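> Next comes structure-v7.pdb, PDB, C-alpha atoms and all ligand atoms:
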ATOM      1  CA  MET A   1      -6.422  -3.897   0.950  1.00  0.00           C
ATOM      2  CA  ALA A   2      -9.054  -1.253   1.376  1.00  0.00           C
ATOM      3  CA  PHE A   3      -9.653   1.724   3.593  1.00  0.00           C
ATOM      4  CA  ILE A   4     -13.341   2.155   4.425  1.00  0.00           C
ATOM      5  CA  THR A   5     -14.822   4.811   6.684  1.00  0.00           C
ATOM      6  CA  PHE A   6     -18.263   5.189   8.221  1.00  0.00           C
ATOM      7  CA  GLU A   7     -19.882   8.571   8.760  1.00  0.00           C
ATOM      8  CA  GLY A   8     -23.208   9.763  10.082  1.00  0.00           C
ATOM      9  CA  ILE A   9     -24.809  11.788  12.829  1.00  0.00           C
ATOM     10  CA  GLU A  10     -25.565  10.384  16.248  1.00  0.00           C
ATOM     11  CA  GLY A  11     -28.287   7.758  16.190  1.00  0.00           C
ATOM     12  CA  SER A  12     -27.820   6.975  12.496  1.00  0.00           C
ATOM     13  CA  GLY A  13     -26.985   3.330  13.227  1.00  0.00           C
ATOM     14  CA  LYS A  14     -23.272   3.347  12.411  1.00  0.00           C
ATOM     15  CA  THR A  15     -22.427   0.942  15.204  1.00  0.00           C
ATOM     16  CA  THR A  16     -24.963  -1.669  14.052  1.00  0.00           C
ATOM     17  CA  GLN A  17     -23.902  -1.439  10.424  1.00  0.00           C
ATOM     18  CA  ILE A  18     -20.214  -1.707  11.293  1.00  0.00           C
ATOM     19  CA  ARG A  19     -20.919  -4.775  13.422  1.00  0.00           C
ATOM     20  CA  LEU A  20     -22.851  -6.481  10.603  1.00  0.00           C
ATOM     21  CA  LEU A  21     -20.147  -5.660   8.053  1.00  0.00           C
ATOM     22  CA  LEU A  22     -17.384  -6.962  10.338  1.00  0.00           C
ATOM     23  CA  ALA A  23     -19.315 -10.215  10.846  1.00  0.00           C
ATOM     24  CA  TRP A  24     -19.649 -10.703   7.082  1.00  0.00           C
ATOM     25  CA  LEU A  25     -15.997  -9.952   6.371  1.00  0.00           C
ATOM     26  CA  GLY A  26     -15.027 -12.246   9.249  1.00  0.00           C
ATOM     27  CA  GLU A  27     -16.954 -15.127   7.645  1.00  0.00           C
ATOM     28  CA  GLN A  28     -14.876 -14.601   4.518  1.00  0.00           C
ATOM     29  CA  LYS A  29     -11.694 -14.864   6.583  1.00  0.00           C
ATOM     30  CA  GLN A  30     -10.615 -11.394   5.552  1.00  0.00           C
ATOM     31  CA  ARG A  31      -8.042  -9.662   7.691  1.00  0.00           C
ATOM     32  CA  VAL A  32      -9.950  -6.703   9.059  1.00  0.00           C
ATOM     33  CA  LEU A  33      -9.003  -3.967  11.460  1.00  0.00           C
ATOM     34  CA  HIS A  34     -11.688  -1.896  13.110  1.00  0.00           C
ATOM     35  CA  THR A  35     -10.860   1.443  14.720  1.00  0.00           C
ATOM     36  CA  ARG A  36     -12.776   4.444  15.914  1.00  0.00           C
ATOM     37  CA  GLU A  37     -12.120   8.163  16.027  1.00  0.00           C
ATOM     38  CA  PRO A  38     -11.217   9.858  18.206  1.00  0.00           C
ATOM     39  CA  GLY A  39      -9.228   7.079  19.841  1.00  0.00           C
ATOM     40  CA  GLY A  40      -7.763   3.808  18.620  1.00  0.00           C
ATOM     41  CA  THR A  41      -4.294   4.367  20.110  1.00  0.00           C
ATOM     42  CA  ALA A  42      -3.097   4.920  23.676  1.00  0.00           C
ATOM     43  CA  ILE A  43      -2.517   8.611  22.909  1.00  0.00           C
ATOM     44  CA  GLY A  44      -5.773   8.880  20.970  1.00  0.00           C
ATOM     45  CA  ASP A  45      -7.803   7.380  23.812  1.00  0.00           C
ATOM     46  CA  ARG A  46      -6.471  10.002  26.181  1.00  0.00           C
ATOM     47  CA  ILE A  47      -7.289  12.748  23.713  1.00  0.00           C
ATOM     48  CA  ARG A  48     -10.770  11.244  23.330  1.00  0.00           C
ATOM     49  CA  ALA A  49     -11.299  11.483  27.083  1.00  0.00           C
ATOM     50  CA  ILE A  50     -10.396  15.190  26.986  1.00  0.00           C
ATOM     51  CA  LEU A  51     -12.688  15.823  24.023  1.00  0.00           C
ATOM     52  CA  LEU A  52     -15.708  14.019  25.387  1.00  0.00           C
ATOM     53  CA  ASP A  53     -15.432  15.261  28.989  1.00  0.00           C
ATOM     54  CA  PRO A  54     -18.600  17.308  29.580  1.00  0.00           C
ATOM     55  CA  ALA A  55     -16.694  19.357  32.186  1.00  0.00           C
ATOM     56  CA  HIS A  56     -14.604  20.947  29.409  1.00  0.00           C
ATOM     57  CA  THR A  57     -17.235  23.486  28.427  1.00  0.00           C
ATOM     58  CA  GLU A  58     -14.588  26.158  27.843  1.00  0.00           C
ATOM     59  CA  MET A  59     -12.976  24.236  24.966  1.00  0.00           C
ATOM     60  CA  THR A  60     -12.724  26.418  21.895  1.00  0.00           C
ATOM     61  CA  PRO A  61     -13.640  25.006  18.476  1.00  0.00           C
ATOM     62  CA  GLU A  62     -10.041  25.623  17.358  1.00  0.00           C
ATOM     63  CA  ALA A  63      -8.621  23.588  20.246  1.00  0.00           C
ATOM     64  CA  GLU A  64     -11.196  20.902  19.549  1.00  0.00           C
ATOM     65  CA  ILE A  65     -10.220  20.478  15.935  1.00  0.00           C
ATOM     66  CA  LEU A  66      -6.508  20.333  16.754  1.00  0.00           C
ATOM     67  CA  LEU A  67      -7.156  17.637  19.336  1.00  0.00           C
ATOM     68  CA  TYR A  68      -9.184  15.568  16.862  1.00  0.00           C
ATOM     69  CA  SER A  69      -6.397  16.060  14.354  1.00  0.00           C
ATOM     70  CA  ALA A  70      -3.680  15.076  16.815  1.00  0.00           C
ATOM     71  CA  ALA A  71      -5.496  11.818  17.563  1.00  0.00           C
ATOM     72  CA  ARG A  72      -5.909  11.268  13.827  1.00  0.00           C
ATOM     73  CA  ALA A  73      -2.237  11.939  13.038  1.00  0.00           C
ATOM     74  CA  GLN A  74      -1.324   9.290  15.586  1.00  0.00           C
ATOM     75  CA  ILE A  75      -3.742   6.588  14.438  1.00  0.00           C
ATOM     76  CA  VAL A  76      -2.905   7.054  10.751  1.00  0.00           C
ATOM     77  CA  ARG A  77       0.782   6.454  11.303  1.00  0.00           C
ATOM     78  CA  GLU A  78       0.670   4.026  14.207  1.00  0.00           C
ATOM     79  CA  VAL A  79      -2.206   1.817  13.071  1.00  0.00           C
ATOM     80  CA  ILE A  80      -3.954   2.524   9.767  1.00  0.00           C
ATOM     81  CA  ARG A  81      -1.041   2.852   7.341  1.00  0.00           C
ATOM     82  CA  PRO A  82       0.879  -0.169   8.644  1.00  0.00           C
ATOM     83  CA  HIS A  83      -2.228  -2.347   8.300  1.00  0.00           C
ATOM     84  CA  LEU A  84      -2.996  -1.116   4.800  1.00  0.00           C
ATOM     85  CA  GLU A  85       0.604  -1.858   3.831  1.00  0.00           C
ATOM     86  CA  GLN A  86       0.072  -5.423   5.080  1.00  0.00           C
ATOM     87  CA  GLU A  87      -3.035  -5.612   2.868  1.00  0.00           C
ATOM     88  CA  TRP A  88      -5.604  -5.528   5.633  1.00  0.00           C
ATOM     89  CA  ILE A  89      -9.049  -4.057   5.250  1.00  0.00           C
ATOM     90  CA  VAL A  90      -9.284  -1.095   7.615  1.00  0.00           C
ATOM     91  CA  ILE A  91     -12.707   0.036   8.788  1.00  0.00           C
ATOM     92  CA  CYS A  92     -12.763   3.310  10.632  1.00  0.00           C
ATOM     93  CA  ASP A  93     -15.743   4.625  12.593  1.00  0.00           C
ATOM     94  CA  ARG A  94     -15.417   8.318  11.635  1.00  0.00           C
ATOM     95  CA  TYR A  95     -12.455  10.005   9.925  1.00  0.00           C
ATOM     96  CA  TYR A  96     -11.647  13.485   8.665  1.00  0.00           C
ATOM     97  CA  ASP A  97     -15.055  13.930   7.061  1.00  0.00           C
ATOM     98  CA  SER A  98     -16.399  14.155  10.626  1.00  0.00           C
ATOM     99  CA  THR A  99     -14.166  17.180  11.194  1.00  0.00           C
ATOM    100  CA  LEU A 100     -15.356  18.851   8.009  1.00  0.00           C
ATOM    101  CA  ALA A 101     -19.001  18.111   8.816  1.00  0.00           C
ATOM    102  CA  TYR A 102     -19.018  18.857  12.570  1.00  0.00           C
ATOM    103  CA  GLN A 103     -16.381  21.555  13.010  1.00  0.00           C
ATOM    104  CA  GLY A 104     -16.728  23.019   9.515  1.00  0.00           C
ATOM    105  CA  TYR A 105     -20.400  22.918   8.569  1.00  0.00           C
ATOM    106  CA  GLY A 106     -21.653  22.483  12.140  1.00  0.00           C
ATOM    107  CA  HIS A 107     -19.549  25.048  14.021  1.00  0.00           C
ATOM    108  CA  GLY A 108     -18.744  27.240  11.023  1.00  0.00           C
ATOM    109  CA  LEU A 109     -14.939  26.998  11.092  1.00  0.00           C
ATOM    110  CA  PRO A 110     -13.372  27.829   7.712  1.00  0.00           C
ATOM    111  CA  LEU A 111     -13.318  24.716   5.534  1.00  0.00           C
ATOM    112  CA  ASP A 112     -10.059  25.705   3.817  1.00  0.00           C
ATOM    113  CA  ASP A 113      -8.252  25.766   7.164  1.00  0.00           C
ATOM    114  CA  LEU A 114      -9.804  22.462   8.176  1.00  0.00           C
ATOM    115  CA  ARG A 115      -8.766  20.840   4.927  1.00  0.00           C
ATOM    116  CA  ARG A 116      -5.174  22.024   5.363  1.00  0.00           C
ATOM    117  CA  ILE A 117      -5.012  20.797   8.955  1.00  0.00           C
ATOM    118  CA  THR A 118      -6.557  17.494   7.921  1.00  0.00           C
ATOM    119  CA  GLN A 119      -4.143  17.084   5.032  1.00  0.00           C
ATOM    120  CA  PHE A 120      -1.236  17.632   7.422  1.00  0.00           C
ATOM    121  CA  ALA A 121      -2.665  15.267  10.043  1.00  0.00           C
ATOM    122  CA  THR A 122      -3.402  12.389   7.652  1.00  0.00           C
ATOM    123  CA  GLY A 123      -0.451  12.853   5.303  1.00  0.00           C
ATOM    124  CA  GLY A 124      -3.076  12.813   2.566  1.00  0.00           C
ATOM    125  CA  LEU A 125      -4.485   9.359   3.329  1.00  0.00           C
ATOM    126  CA  THR A 126      -7.982   9.327   1.804  1.00  0.00           C
ATOM    127  CA  PRO A 127     -10.522   6.508   2.220  1.00  0.00           C
ATOM    128  CA  ASP A 128     -11.303   4.257  -0.753  1.00  0.00           C
ATOM    129  CA  LEU A 129     -14.934   4.263   0.302  1.00  0.00           C
ATOM    130  CA  THR A 130     -16.978   6.343   2.728  1.00  0.00           C
ATOM    131  CA  LEU A 131     -20.292   4.859   3.828  1.00  0.00           C
ATOM    132  CA  TYR A 132     -22.556   7.635   4.986  1.00  0.00           C
ATOM    133  CA  LEU A 133     -25.709   6.825   6.941  1.00  0.00           C
ATOM    134  CA  ASP A 134     -28.025   9.692   6.168  1.00  0.00           C
ATOM    135  CA  LEU A 135     -30.805  10.444   8.621  1.00  0.00           C
ATOM    136  CA  ASP A 136     -33.006  13.327   9.713  1.00  0.00           C
ATOM    137  CA  PRO A 137     -31.350  14.497  12.975  1.00  0.00           C
ATOM    138  CA  GLU A 138     -34.699  14.636  14.715  1.00  0.00           C
ATOM    139  CA  ILE A 139     -35.073  10.883  14.237  1.00  0.00           C
ATOM    140  CA  GLY A 140     -31.430  10.251  15.147  1.00  0.00           C
ATOM    141  CA  LEU A 141     -31.480  12.292  18.333  1.00  0.00           C
ATOM    142  CA  ARG A 142     -34.775  10.750  19.396  1.00  0.00           C
ATOM    143  CA  ARG A 143     -33.306   7.281  18.895  1.00  0.00           C
ATOM    144  CA  LYS A 144     -30.326   8.220  21.062  1.00  0.00           C
ATOM    145  CA  ALA A 145     -32.457   9.648  23.835  1.00  0.00           C
ATOM    146  CA  GLN A 146     -33.711   6.703  25.849  1.00  0.00           C
ATOM    147  CA  THR A 147     -36.302   8.694  27.784  1.00  0.00           C
ATOM    148  CA  PRO A 148     -38.523  11.733  27.122  1.00  0.00           C
ATOM    149  CA  GLU A 149     -36.583  13.620  29.810  1.00  0.00           C
ATOM    150  CA  GLU A 150     -33.380  12.969  27.922  1.00  0.00           C
ATOM    151  CA  TRP A 151     -35.007  14.154  24.719  1.00  0.00           C
ATOM    152  CA  THR A 152     -35.904  17.522  26.235  1.00  0.00           C
ATOM    153  CA  ARG A 153     -32.191  18.081  26.894  1.00  0.00           C
ATOM    154  CA  PHE A 154     -31.664  18.238  23.141  1.00  0.00           C
ATOM    155  CA  GLU A 155     -32.792  21.763  22.703  1.00  0.00           C
ATOM    156  CA  ARG A 156     -33.595  23.424  19.469  1.00  0.00           C
ATOM    157  CA  LYS A 157     -29.984  24.561  19.115  1.00  0.00           C
ATOM    158  CA  GLU A 158     -28.744  21.002  19.192  1.00  0.00           C
ATOM    159  CA  LEU A 159     -31.178  19.998  16.482  1.00  0.00           C
ATOM    160  CA  GLU A 160     -30.183  22.912  14.262  1.00  0.00           C
ATOM    161  CA  TYR A 161     -26.523  22.121  14.732  1.00  0.00           C
ATOM    162  CA  HIS A 162     -27.098  18.540  13.637  1.00  0.00           C
ATOM    163  CA  ARG A 163     -29.118  19.749  10.661  1.00  0.00           C
ATOM    164  CA  ARG A 164     -26.090  21.755   9.529  1.00  0.00           C
ATOM    165  CA  VAL A 165     -23.871  18.730  10.061  1.00  0.00           C
ATOM    166  CA  ARG A 166     -26.184  16.638   7.894  1.00  0.00           C
ATOM    167  CA  GLU A 167     -26.249  19.249   5.138  1.00  0.00           C
ATOM    168  CA  GLY A 168     -22.464  19.318   5.349  1.00  0.00           C
ATOM    169  CA  TYR A 169     -22.201  15.583   4.885  1.00  0.00           C
ATOM    170  CA  LEU A 170     -24.498  15.743   1.868  1.00  0.00           C
ATOM    171  CA  HIS A 171     -22.346  18.510   0.356  1.00  0.00           C
ATOM    172  CA  LEU A 172     -19.176  16.525   0.884  1.00  0.00           C
ATOM    173  CA  ALA A 173     -20.777  13.431  -0.657  1.00  0.00           C
ATOM    174  CA  ALA A 174     -21.896  15.395  -3.710  1.00  0.00           C
ATOM    175  CA  GLN A 175     -18.358  16.702  -4.222  1.00  0.00           C
ATOM    176  CA  GLU A 176     -16.834  13.206  -4.353  1.00  0.00           C
ATOM    177  CA  PRO A 177     -19.574  10.847  -5.534  1.00  0.00           C
ATOM    178  CA  ARG A 178     -17.144   8.063  -6.418  1.00  0.00           C
ATOM    179  CA  ARG A 179     -15.800   7.829  -2.880  1.00  0.00           C
ATOM    180  CA  TRP A 180     -19.114   8.273  -1.023  1.00  0.00           C
ATOM    181  CA  LEU A 181     -22.103   6.004  -0.768  1.00  0.00           C
ATOM    182  CA  VAL A 182     -25.092   7.836   0.712  1.00  0.00           C
ATOM    183  CA  LEU A 183     -27.420   5.391   2.459  1.00  0.00           C
ATOM    184  CA  ASP A 184     -30.939   6.155   3.579  1.00  0.00           C
ATOM    185  CA  ALA A 185     -30.590   5.213   7.252  1.00  0.00           C
ATOM    186  CA  ASN A 186     -34.323   5.382   7.894  1.00  0.00           C
ATOM    187  CA  ARG A 187     -34.785   1.808   6.670  1.00  0.00           C
ATOM    188  CA  PRO A 188     -34.547  -1.625   8.316  1.00  0.00           C
ATOM    189  CA  PRO A 189     -30.909  -2.380   9.206  1.00  0.00           C
ATOM    190  CA  GLU A 190     -30.780  -5.499   6.969  1.00  0.00           C
ATOM    191  CA  LEU A 191     -31.634  -3.481   3.879  1.00  0.00           C
ATOM    192  CA  ILE A 192     -28.985  -0.886   4.621  1.00  0.00           C
ATOM    193  CA  GLN A 193     -26.478  -3.663   5.189  1.00  0.00           C
ATOM    194  CA  GLN A 194     -27.321  -5.242   1.817  1.00  0.00           C
ATOM    195  CA  ASP A 195     -26.375  -2.028   0.049  1.00  0.00           C
ATOM    196  CA  ILE A 196     -23.193  -1.734   2.087  1.00  0.00           C
ATOM    197  CA  ARG A 197     -22.101  -5.290   1.318  1.00  0.00           C
ATOM    198  CA  ALA A 198     -22.746  -4.909  -2.397  1.00  0.00           C
ATOM    199  CA  ARG A 199     -20.593  -1.800  -2.543  1.00  0.00           C
ATOM    200  CA  VAL A 200     -17.810  -3.235  -0.376  1.00  0.00           C
ATOM    201  CA  GLU A 201     -17.736  -6.407  -2.470  1.00  0.00           C
ATOM    202  CA  ALA A 202     -17.363  -4.349  -5.629  1.00  0.00           C
ATOM    203  CA  LEU A 203     -14.511  -2.405  -4.055  1.00  0.00           C
ATOM    204  CA  LEU A 204     -12.685  -5.534  -2.900  1.00  0.00           C
ATOM    205  CA  ASN A 205     -13.057  -7.154  -6.331  1.00  0.00           C
ATOM    206  CA  ARG A 206     -11.734  -4.037  -7.987  1.00  0.00           C
ATOM    207  CA  ASN A 207      -8.746  -3.861  -5.658  1.00  0.00           C
ATOM    208  CA  ARG A 208      -7.989  -7.556  -6.228  1.00  0.00           C
ATOM    209  CA  ALA A 209      -8.163  -7.124  -9.988  1.00  0.00           C
ATOM    210  CA  GLU A 210      -5.824  -4.125  -9.812  1.00  0.00           C
ATOM    211  CA  LYS A 211      -3.350  -6.058  -7.698  1.00  0.00           C
ATOM    212  CA  HIS A 212      -3.171  -8.902 -10.234  1.00  0.00           C
ATOM    213  CA  ARG A 213      -2.694  -6.678 -13.201  1.00  0.00           C
TER     214      ARG A 213
HETATM  215  P1  LIG A 301     -18.942   9.136  19.868  1.00  0.00           P
HETATM  216  O1  LIG A 301     -19.302   8.874  21.273  1.00  0.00           O
HETATM  217  O2  LIG A 301     -17.910   8.302  19.214  1.00  0.00           O
HETATM  218  O3  LIG A 301     -20.274   9.172  18.998  1.00  0.00           O
HETATM  219  P2  LIG A 301     -20.772   8.344  17.750  1.00  0.00           P
HETATM  220  O4  LIG A 301     -21.160   6.994  18.277  1.00  0.00           O
HETATM  221  O5  LIG A 301     -21.919   9.137  17.240  1.00  0.00           O
HETATM  222  O6  LIG A 301     -19.636   8.266  16.751  1.00  0.00           O
HETATM  223  O7  LIG A 301     -18.551  10.658  19.818  1.00  0.00           O
HETATM  224  C1  LIG A 301     -17.919  11.187  18.788  1.00  0.00           C
HETATM  225  C2  LIG A 301     -18.380  12.617  18.701  1.00  0.00           C
HETATM  226  O8  LIG A 301     -17.325  13.423  18.199  1.00  0.00           O
HETATM  227  C3  LIG A 301     -19.536  12.788  17.740  1.00  0.00           C
HETATM  228  O9  LIG A 301     -20.453  13.702  18.268  1.00  0.00           O
HETATM  229  C4  LIG A 301     -18.899  13.417  16.520  1.00  0.00           C
HETATM  230  C5  LIG A 301     -17.758  14.166  17.090  1.00  0.00           C
HETATM  231  N1  LIG A 301     -16.603  14.359  16.180  1.00  0.00           N
HETATM  232  C6  LIG A 301     -16.327  15.650  15.729  1.00  0.00           C
HETATM  233  O10 LIG A 301     -17.018  16.595  16.073  1.00  0.00           O
HETATM  234  N2  LIG A 301     -15.241  15.825  14.912  1.00  0.00           N
HETATM  235  C7  LIG A 301     -14.427  14.805  14.535  1.00  0.00           C
HETATM  236  O11 LIG A 301     -13.435  15.016  13.800  1.00  0.00           O
HETATM  237  C8  LIG A 301     -14.722  13.485  15.011  1.00  0.00           C
HETATM  238  C9  LIG A 301     -13.862  12.326  14.631  1.00  0.00           C
HETATM  239  C10 LIG A 301     -15.823  13.318  15.837  1.00  0.00           C
END
Please express what this file holds, its structure, as structure tokens.

Amino acid sequence: MAFITFEGIEGSGKTTQIRLLLAWLGEQKQRVLHTREPGGTAIGDRIRAILLDPAHTEMTPEAEILLYSAARAQIVREVIRPHLEQEWIVICDRYYDSTLAYQGYGHGLPLDDLRRITQFATGGLTPDLTLYLDLDPEIGLRRKAQTPEEWTRFERKELEYHRRVREGYLHLAAQEPRRWLVLDANRPPELIQQDIRARVEALLNRNRAEKHR
């Protein structure tokens, strides 16, 4: 059993890396559950739709964080915990570190409050390993924008916001170096995946050894 989360700004290649990791674990006949935040439950998917609706421009950062946390509270109890108890590997595309990075460092909400809300929402469930794809937001946002017209929509403000988010992630990683693996995402996907697999293998071996002790 292992709880692994992926973090990174938009365009950092999370989706590709998750897909490659799932394929590798699938070959080993591991029981793996893959979820994403916000979402992953019927309630969470509806909350996700509210959060990502571009019409909701009036949404306050406080409301936003409580909605993310509500979706998280649901998925932890309905999906993640039960699977971990059955010794599955759970891979989550974003978890509470996204809230700390985006709402905390990005939007400037007080980190102490966010940590308390997060603690309540998750019941204290912390990942065994957090794989963070680190990338200069300028590269990430350019990758996401398919066309030059789309790129011009990402104004300076957007870039600065994502810079703060990135700095936030790096802070969080430095605070808990044993849980986080910081990956240079500006490399060929296969090389990034090699590092990910090595670290995941070490974690699974460690967990197996602990179980048999
Ligand atoms: P999504 O379409 O899933 O993007 P990505 O493929 O980059 O994960 O959108 C998720 C967005 O929500 C993304 O911009 C990060 C943001 N987010 C937060 O701001 N706080 C959170 O707690 C979570 C989980 C996500």
> Padding 6 Å on each side, edges along x, y and z: where is the centre of the box around the listed atoms of ligand LIG 301 (chain A), and how long are its edges in Å to one decimal? Output it as JSON.

{"center_x": -17.7, "center_y": 11.8, "center_z": 17.5, "size_x": 20.5, "size_y": 21.6, "size_z": 19.5}
> Can you list what the PyMOL selection byres (((chain A and resi 48) around 9) and not hetatm) grabs from this structure, as a ChimeraX atom specification?
/A:37-39,43-47,49-53,67-68,71
> Ligand LIG 301 (chain A): which residues are within 9 Å, counting all atoms listed in the file? Reply as a JSON list (two decimals) with C-alpha atoms, keeping the file's coordinate frame.

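part04.json, freshly written:
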[["chain", "number", "residue", "atom", "x", "y", "z"],
["A", 7, "GLU", "CA", -19.88, 8.57, 8.76],
["A", 8, "GLY", "CA", -23.21, 9.76, 10.08],
["A", 9, "ILE", "CA", -24.81, 11.79, 12.83],
["A", 10, "GLU", "CA", -25.56, 10.38, 16.25],
["A", 11, "GLY", "CA", -28.29, 7.76, 16.19],
["A", 12, "SER", "CA", -27.82, 6.98, 12.50],
["A", 13, "GLY", "CA", -26.98, 3.33, 13.23],
["A", 14, "LYS", "CA", -23.27, 3.35, 12.41],
["A", 15, "THR", "CA", -22.43, 0.94, 15.20],
["A", 36, "ARG", "CA", -12.78, 4.44, 15.91],
["A", 37, "GLU", "CA", -12.12, 8.16, 16.03],
["A", 38, "PRO", "CA", -11.22, 9.86, 18.21],
["A", 39, "GLY", "CA", -9.23, 7.08, 19.84],
["A", 48, "ARG", "CA", -10.77, 11.24, 23.33],
["A", 51, "LEU", "CA", -12.69, 15.82, 24.02],
["A", 52, "LEU", "CA", -15.71, 14.02, 25.39],
["A", 64, "GLU", "CA", -11.20, 20.90, 19.55],
["A", 65, "ILE", "CA", -10.22, 20.48, 15.94],
["A", 67, "LEU", "CA", -7.16, 17.64, 19.34],
["A", 68, "TYR", "CA", -9.18, 15.57, 16.86],
["A", 69, "SER", "CA", -6.40, 16.06, 14.35],
["A", 71, "ALA", "CA", -5.50, 11.82, 17.56],
["A", 72, "ARG", "CA", -5.91, 11.27, 13.83],
["A", 93, "ASP", "CA", -15.74, 4.62, 12.59],
["A", 94, "ARG", "CA", -15.42, 8.32, 11.64],
["A", 95, "TYR", "CA", -12.46, 10.01, 9.93],
["A", 96, "TYR", "CA", -11.65, 13.48, 8.66],
["A", 97, "ASP", "CA", -15.06, 13.93, 7.06],
["A", 98, "SER", "CA", -16.40, 14.16, 10.63],
["A", 99, "THR", "CA", -14.17, 17.18, 11.19],
["A", 100, "LEU", "CA", -15.36, 18.85, 8.01],
["A", 101, "ALA", "CA", -19.00, 18.11, 8.82],
["A", 102, "TYR", "CA", -19.02, 18.86, 12.57],
["A", 103, "GLN", "CA", -16.38, 21.56, 13.01],
["A", 106, "GLY", "CA", -21.65, 22.48, 12.14]]
> Tell me, in Å to one decimal, how far CA of Arg81 in chain A is from CA of Ala121 in chain A.
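Those two atoms sit 12.8 Å apart.
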> As an exercise, work out the distance from CA of Ile117 in chain A to CA of Pro54 in chain A in Å and give it to one decimal place.
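Computing it gives 24.9 Å between the two atoms.
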> If you measure from CA of Glu138 in chain A to CA of Leu109 in chain A, what distance in Å do you get, rounded to one decimal?
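Taking CA of Glu138 in chain A and CA of Leu109 in chain A, their separation equals 23.6 Å.
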> Looking at A:Pro82, A:Thr41, A:Ile91, A:Pro137, which one is nearest to Glu167 in chain A, with distances taken over all atoms listed in the file?
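Smallest distance to Glu167 in chain A is found for A:Pro137.
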> Give the answer as one residue: which of A:Asp128, A:Asp184, A:Glu158, A:Glu176 has the shortest atom-to-atom distance to Arg199 in chain A, using only C-alpha atoms?
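The closest residue to Arg199 in chain A is A:Asp128.
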> Could you pull the residues within 7 Å of Leu181 in chain A, counting all atoms listed in the file, minus those fewer than 4 positions along the same chain, as a ChimeraX atom specification?
/A:130-132
> Applied to the shown file, which residues does the PyMOL selection byres (((chain A and resi 24-29) around 12) and not hetatm) return, written as a PyMOL selection string?
chain A and resi 17-23+30-34+88-91+193-194+196-198+200-201+204
> Calculated over only C-alpha atoms, which of the candidates A:Asp134, A:Glu190, A:Glu78, A:Asp113 has the smallest distance to His171 in chain A?
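Distance minimum relative to His171 in chain A lands on A:Asp134.
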> Compare A:Thr60, A:Thr126, A:Thr118, A:Thr16 by their minimum atom-to-atom distance to Ile4 in chain A, counting all atoms listed in the file, and give me the closest one.
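Ranked by minimum distance to Ile4 in chain A, first place goes to A:Thr126.
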> Measuring atom to atom with all atoms listed in the file, identify which of A:Ala42, A:Ala63, A:Leu129, A:Cys92 is nearest to Ala202 in chain A.
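Counting all atoms listed in the file, the residue closest to Ala202 in chain A is A:Leu129.
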> Need to verify the contact set: Lys211 in chain A, 10 Å, all atoms listed in the file, exclusion of same-chain residues closer than 5 positions in sequence. Can you return it as a PDB file with C-alpha atoms, in the frame of the given file?

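Done, and the output landed in selection-v3.pdb:
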ATOM      1  CA  MET A   1      -6.422  -3.897   0.950  1.00  0.00           C
ATOM      2  CA  ASN A 205     -13.057  -7.154  -6.331  1.00  0.00           C
ATOM      3  CA  ARG A 206     -11.734  -4.037  -7.987  1.00  0.00           C
TER       4      ARG A 206
END
